[in-house]
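Report on the following structure.
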Amino acid sequence: VDRVLRGRIDDRFSTVRLGGLNLDAREARGVRRVKILGCGSAYHTGLIGAQLIEELARIPADAEPASEFRYRNPVVDPDTLYIAVSQSGETYDTLAAVQELKRKGARVLGVVNVVGSAIARETDGGVYVHAGPEVCVVSTKCFTNTAVAFALLALHLGRIRDLSVADGKRIIAGLRKLPEQIAEVLRGEEEIKKLAAEYANAKSMMFVGRVRGYPVAREASLKLKEVSYVHAEAYPASELKHGPLALIEPEVPTVAVLPDDDLLEKNRATLEEIKARSGRILAVAHREQEKADHTIVVPRNEVELDPILMGIPLQLLAYHTALALGRDIDKPRNLAKSVTV
Ligand code: F1P
């Protein structure tokens with residue numbers, strides 16, 4: 001995270017750029033929509049990025065799995081800025097989506113970790129996320145750094161469009177607090193290890209979150225699946241009542257991501273619905289949740305940045321669940337560093 005913050009997302013700093021954004025102020029003001037594409041964890045950081053761009057730059061934004069986008073003959077709109085996200089920069093579905101976009105004349109930026117990778121070369125500009133060359137098969141540091149890069153990118157677009165500078169200062173101050181707060185979360189590892197042992201024998205795990213919590217829930221569920229092979233589902237919290245509540249029972253615990261934003265009361269009502277079905281709850285929140293069986297408390301930051309911090313204890317949970325189940329964490333089955341087919 002420090003490495004991302006030391007750079008800045010604009011043309012003056014060559015340390016973070018993938019040739020720079022290659023987007024002048026007039027072009028940036030002309031962006032009517034942002035569409036973010038990636039696979040797996042990269043798609044999930046895209047969901048976070050889309051929320052940050054909507055919140056901080058007030059540009060409509062969404063994310064879609066690149067593996068879907070490339071197959072559906074998408075309408076390519078000249079006023080949309082497309083952003084491809086990839087740790088390896090080699091994921092074939094994401095590369096194919098970029099090539100399809102380029103063929104149709106779109107402008108595509110990249111948010112990529114591996115310097116000089118195929119996606120970095122094919123895009124018109126963008127940023128490197130500096131998660132280091134030693135990243136593991138399962139995206140963890142890269143997930144966090146990509147989300148930070150999106151926060152900076154959203155602020156940059158917001159500034160160009162003359163949105164509140166005060167807001168920008170608040171977010172930058174929040175980002176600067178992140179490295180120490182991440183260290184604090186990591187100091188809680190022993191507690192998370194105990195929780196992992198307690199939940200490791202679950203039949204299946206449900207992950208829920210609303211708005212800012214939702215991409216975190218999705219990513220946490222993917223992490224658990226990838227390394228521990230425990231079945232997990234992720235749902236937007238409000239979708240639970242549209243069917244999946246039927247799955248809740250004591251053997252199917254729920255991990256609830258509960259940022260301290262204006263949706264906290266709604267989120268607590270979801271916890272009650274789960275409790276009413278005898279579901280066990282592990283909450284990730286800024287303070288103890290009395291409806292939950294356990295709470296992992298994470299430090300408070302700016303609400304927009306909650307997804308960045310809240311993902312980390314759940315990466316640890318997946319890691320310790322995998323170890324508790326005797327999985328080979330460095331060689332997860334059926335997972336390659338980059339999926340090139
Ligand atoms: C995308 C991805 C990763 C996942 C695994 C398989 O990779 O789905 O999120 O952890 O490595 O590939 P990338 O495009 O971000 O390199």
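Residues in the structure tokens are numbered from 1 in each chain, the chains being A, B, ... in the order shown, and ligands are numbered from 1 in the order shown.
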
Q: Write as a VMD selection string the residues around ligand 1, taking 9 Å as the cut-off and counting only C-alpha atoms and all ligand atoms.
A: chain A and resid 38 to 44 84 to 95 112 to 114 136 to 140 142 to 143 222 to 223 226 335 to 340

Given the selection you just returned, output its residues as a file containing C-alpha atoms, formatted as a PDB file, in the first residue's frame.
```
ATOM      1  CA  GLY A  38     -11.545  -8.366 -14.709  1.00  0.00           C
ATOM      2  CA  CYS A  39     -11.788 -11.979 -13.570  1.00  0.00           C
ATOM      3  CA  GLY A  40     -11.985 -13.448 -10.076  1.00  0.00           C
ATOM      4  CA  SER A  41     -10.414 -11.153  -7.484  1.00  0.00           C
ATOM      5  CA  ALA A  42      -9.702  -8.586 -10.180  1.00  0.00           C
ATOM      6  CA  TYR A  43     -13.437  -8.391 -10.921  1.00  0.00           C
ATOM      7  CA  HIS A  44     -14.110  -7.902  -7.205  1.00  0.00           C
ATOM      8  CA  ALA A  84      -9.127  -3.761 -17.397  1.00  0.00           C
ATOM      9  CA  VAL A  85      -7.865  -5.104 -14.061  1.00  0.00           C
ATOM     10  CA  SER A  86      -5.412  -7.961 -13.732  1.00  0.00           C
ATOM     11  CA  GLN A  87      -2.715  -9.021 -11.291  1.00  0.00           C
ATOM     12  CA  SER A  88      -0.794 -11.135 -13.784  1.00  0.00           C
ATOM     13  CA  GLY A  89      -1.675  -9.042 -16.812  1.00  0.00           C
ATOM     14  CA  GLU A  90      -1.950 -12.341 -18.703  1.00  0.00           C
ATOM     15  CA  THR A  91      -5.444 -13.635 -17.890  1.00  0.00           C
ATOM     16  CA  TYR A  92      -6.770 -14.662 -21.255  1.00  0.00           C
ATOM     17  CA  ASP A  93     -10.428 -13.678 -20.736  1.00  0.00           C
ATOM     18  CA  THR A  94      -9.409 -10.164 -19.673  1.00  0.00           C
ATOM     19  CA  LEU A  95      -6.938  -9.855 -22.535  1.00  0.00           C
ATOM     20  CA  VAL A 112      -2.144  -4.192 -13.599  1.00  0.00           C
ATOM     21  CA  ASN A 113       0.540  -5.619 -11.330  1.00  0.00           C
ATOM     22  CA  VAL A 114       3.028  -7.315 -13.621  1.00  0.00           C
ATOM     23  CA  CYS A 136       1.120 -15.714  -4.631  1.00  0.00           C
ATOM     24  CA  VAL A 137      -1.347 -17.626  -6.805  1.00  0.00           C
ATOM     25  CA  VAL A 138      -4.232 -16.373  -4.722  1.00  0.00           C
ATOM     26  CA  SER A 139      -4.614 -12.620  -4.957  1.00  0.00           C
ATOM     27  CA  THR A 140      -4.240 -10.889  -1.558  1.00  0.00           C
ATOM     28  CA  CYS A 142      -2.716  -7.255  -5.138  1.00  0.00           C
ATOM     29  CA  PHE A 143      -6.403  -7.080  -4.203  1.00  0.00           C
ATOM     30  CA  LEU A 222     -13.727 -16.668  -3.303  1.00  0.00           C
ATOM     31  CA  LYS A 223     -10.607 -16.730  -1.092  1.00  0.00           C
ATOM     32  CA  GLU A 226      -9.777 -21.161  -3.651  1.00  0.00           C
ATOM     33  CA  LEU A 335      -5.714 -22.603  -9.724  1.00  0.00           C
ATOM     34  CA  ALA A 336      -2.927 -21.120 -11.805  1.00  0.00           C
ATOM     35  CA  LYS A 337      -1.157 -17.807 -11.283  1.00  0.00           C
ATOM     36  CA  SER A 338      -2.702 -16.695 -14.509  1.00  0.00           C
ATOM     37  CA  VAL A 339      -5.506 -18.440 -16.344  1.00  0.00           C
ATOM     38  CA  THR A 340      -4.384 -18.360 -19.947  1.00  0.00           C
TER      39      THR A 340
END
```

Do you have, as a Markdown table, the list of residues of stretch 229-321 of chain A lying at most 7 Å from stretch 174-195 of chain A, each with its nearest atom pair and that distance in Å to one decimal, counting only C-alpha atoms and ordered by chain then number?
```
| residue | atom | partner | partner_atom | distance |
| --- | --- | --- | --- | --- |
| A:Val298 | CA | A:Val185 | CA | 6.3 |
| A:Pro299 | CA | A:Gln181 | CA | 6.4 |
| A:Asn301 | CA | A:Gly174 | CA | 5.9 |
| A:Glu302 | CA | A:Gly174 | CA | 5.8 |
| A:Leu309 | CA | A:Ile182 | CA | 6.6 |
| A:Pro313 | CA | A:Val185 | CA | 6.6 |
| A:Leu316 | CA | A:Ile192 | CA | 6.9 |
| A:Leu317 | CA | A:Ile192 | CA | 6.0 |
| A:His320 | CA | A:Lys193 | CA | 5.5 |
```

Put those residues in a file: N, CA and C atoms, as a PDB file, in the first residue's frame.
```
ATOM      1  N   VAL A 298     -12.302  -4.212  13.227  1.00  0.00           N
ATOM      2  CA  VAL A 298     -11.249  -3.566  12.425  1.00  0.00           C
ATOM      3  C   VAL A 298     -11.276  -2.058  12.691  1.00  0.00           C
ATOM      4  N   PRO A 299     -10.120  -1.398  12.569  1.00  0.00           N
ATOM      5  CA  PRO A 299     -10.081   0.039  12.854  1.00  0.00           C
ATOM      6  C   PRO A 299     -10.976   0.824  11.898  1.00  0.00           C
ATOM      7  N   ASN A 301     -11.925   3.927   9.474  1.00  0.00           N
ATOM      8  CA  ASN A 301     -11.255   4.853   8.557  1.00  0.00           C
ATOM      9  C   ASN A 301     -12.386   5.632   7.880  1.00  0.00           C
ATOM     10  N   GLU A 302     -12.141   6.235   6.759  1.00  0.00           N
ATOM     11  CA  GLU A 302     -13.222   6.876   6.007  1.00  0.00           C
ATOM     12  C   GLU A 302     -14.116   5.777   5.440  1.00  0.00           C
ATOM     13  N   LEU A 309      -9.872  -2.249   4.044  1.00  0.00           N
ATOM     14  CA  LEU A 309      -9.428  -2.798   5.327  1.00  0.00           C
ATOM     15  C   LEU A 309     -10.194  -4.063   5.711  1.00  0.00           C
ATOM     16  N   PRO A 313      -8.851  -9.188   7.219  1.00  0.00           N
ATOM     17  CA  PRO A 313      -9.052 -10.282   8.183  1.00  0.00           C
ATOM     18  C   PRO A 313      -9.698 -11.497   7.525  1.00  0.00           C
ATOM     19  N   LEU A 316      -7.109 -13.573   5.917  1.00  0.00           N
ATOM     20  CA  LEU A 316      -6.477 -14.383   6.971  1.00  0.00           C
ATOM     21  C   LEU A 316      -7.369 -15.552   7.382  1.00  0.00           C
ATOM     22  N   LEU A 317      -8.668 -15.303   7.414  1.00  0.00           N
ATOM     23  CA  LEU A 317      -9.596 -16.376   7.790  1.00  0.00           C
ATOM     24  C   LEU A 317      -9.499 -17.525   6.779  1.00  0.00           C
ATOM     25  N   HIS A 320      -6.130 -19.385   7.329  1.00  0.00           N
ATOM     26  CA  HIS A 320      -6.085 -20.282   8.496  1.00  0.00           C
ATOM     27  C   HIS A 320      -7.095 -21.426   8.379  1.00  0.00           C
TER      28      HIS A 320
END
```

(Q) Which residues are near A:Leu157? Cut-off 12 Å, only C-alpha atoms, ignore same chain within fewer than 3 positions. Put them as a ChimeraX atom specification. (A) /A:9-10,21,23-34,52-59,81,150-154,160-165,168

Expected file contents, prior selection, C-alpha atoms, as a PDB file, in the first residue's frame:
```pdb
ATOM      1  CA  ILE A   9      -2.318   8.677 -10.321  1.00  0.00           C
ATOM      2  CA  ASP A  10      -1.436  11.415 -12.734  1.00  0.00           C
ATOM      3  CA  LEU A  21      -3.315   7.544 -17.751  1.00  0.00           C
ATOM      4  CA  LEU A  23      -6.140  10.930 -20.636  1.00  0.00           C
ATOM      5  CA  ASP A  24      -6.039  14.721 -20.686  1.00  0.00           C
ATOM      6  CA  ALA A  25      -8.370  16.928 -18.646  1.00  0.00           C
ATOM      7  CA  ARG A  26     -10.749  17.521 -21.565  1.00  0.00           C
ATOM      8  CA  GLU A  27     -10.996  13.803 -22.263  1.00  0.00           C
ATOM      9  CA  ALA A  28     -11.461  13.014 -18.572  1.00  0.00           C
ATOM     10  CA  ARG A  29     -14.312  15.540 -18.373  1.00  0.00           C
ATOM     11  CA  GLY A  30     -15.899  13.888 -21.387  1.00  0.00           C
ATOM     12  CA  VAL A  31     -16.130  10.476 -19.695  1.00  0.00           C
ATOM     13  CA  ARG A  32     -19.827   9.675 -19.217  1.00  0.00           C
ATOM     14  CA  ARG A  33     -19.453   6.180 -17.874  1.00  0.00           C
ATOM     15  CA  VAL A  34     -16.762   3.854 -16.522  1.00  0.00           C
ATOM     16  CA  LEU A  52     -15.331   4.592  -5.472  1.00  0.00           C
ATOM     17  CA  ILE A  53     -15.610   6.235  -8.901  1.00  0.00           C
ATOM     18  CA  GLU A  54     -19.342   6.815  -8.404  1.00  0.00           C
ATOM     19  CA  GLU A  55     -18.807   8.194  -4.893  1.00  0.00           C
ATOM     20  CA  LEU A  56     -15.703  10.309  -5.404  1.00  0.00           C
ATOM     21  CA  ALA A  57     -15.951  11.342  -9.054  1.00  0.00           C
ATOM     22  CA  ARG A  58     -19.746  11.091  -9.516  1.00  0.00           C
ATOM     23  CA  ILE A  59     -19.377   9.192 -12.791  1.00  0.00           C
ATOM     24  CA  LEU A  81     -13.884   4.705 -20.238  1.00  0.00           C
ATOM     25  CA  PHE A 150      -8.861   2.785  -7.612  1.00  0.00           C
ATOM     26  CA  ALA A 151      -9.325   5.220  -4.720  1.00  0.00           C
ATOM     27  CA  LEU A 152      -6.534   7.387  -6.150  1.00  0.00           C
ATOM     28  CA  LEU A 153      -7.913   7.075  -9.664  1.00  0.00           C
ATOM     29  CA  ALA A 154     -11.398   8.066  -8.470  1.00  0.00           C
ATOM     30  CA  ILE A 160     -10.437  16.993 -12.904  1.00  0.00           C
ATOM     31  CA  ARG A 161     -14.194  17.314 -12.774  1.00  0.00           C
ATOM     32  CA  ASP A 162     -13.854  19.917  -9.993  1.00  0.00           C
ATOM     33  CA  LEU A 163     -15.485  17.940  -7.233  1.00  0.00           C
ATOM     34  CA  SER A 164     -14.851  18.801  -3.610  1.00  0.00           C
ATOM     35  CA  VAL A 165     -11.147  19.142  -2.838  1.00  0.00           C
ATOM     36  CA  GLY A 168     -10.094  14.616  -1.595  1.00  0.00           C
TER      37      GLY A 168
END
```

Q) stretch 96-313 of chain A: which residues are strand (DSSP E) by DSSP, as number ranges by chain? A) A: 108-112, 125-128, 205-209, 232-236, 254-258, 281-285, 294-297

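In this model, the gap between atom CA of A:Arg70 and atom CA of A:Ala217 comes to 25.1 Å.
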
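Residues in contact range of A:Val211, defined as at most 10 Å between only C-alpha atoms, with sequence neighbours fewer than 5 positions away removed, read Leu47, Ile48, Gln51, Val216, Pro236, Ala237, Ser238, Pro259, Asp261, Leu263 and Pro307 of chain A.
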
Q: Could you jot down the atom CA of A:Val108 to atom CA of A:Asp124 separation for me, Å, one decimal place?
A: 5.6 Å

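Going from atom CA of A:Glu251 to atom CA of A:Ile329 covers 24.2 Å.
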
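For A:Arg287, the residues within 12 Å (counting only C-alpha atoms, excluding itself and residues fewer than 3 positions away along the chain) are Val257, Leu258, Pro259, Asp260, Leu264, Ala283, Val284, Glu290, Lys291, Ala292, His294, Thr295, Ile296, Val297, Val298, Pro299 and Arg300 of chain A.
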
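For A:Pro253, the residues within 7 Å (counting only C-alpha atoms, excluding itself and residues fewer than 5 positions away along the chain) are Ala202, Met205, Met206, Gly279, Arg280 and Ile281 of chain A.
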
**Q.** stretch 113-188 of chain A: residues DSSP assigns to helix (DSSP H, G or I), reported as a PyMOL selection string
**A.** chain A and resi 118-122+141-160+165-187

Q. Counting only C-alpha atoms, what is within 12 Å of A:Leu240, bar same-chain residues fewer than 2 positions away, as a VMD selection string?
A. chain A and resid 206 to 210 233 to 238 242 to 248 254 256 267 269 to 271 273 to 274
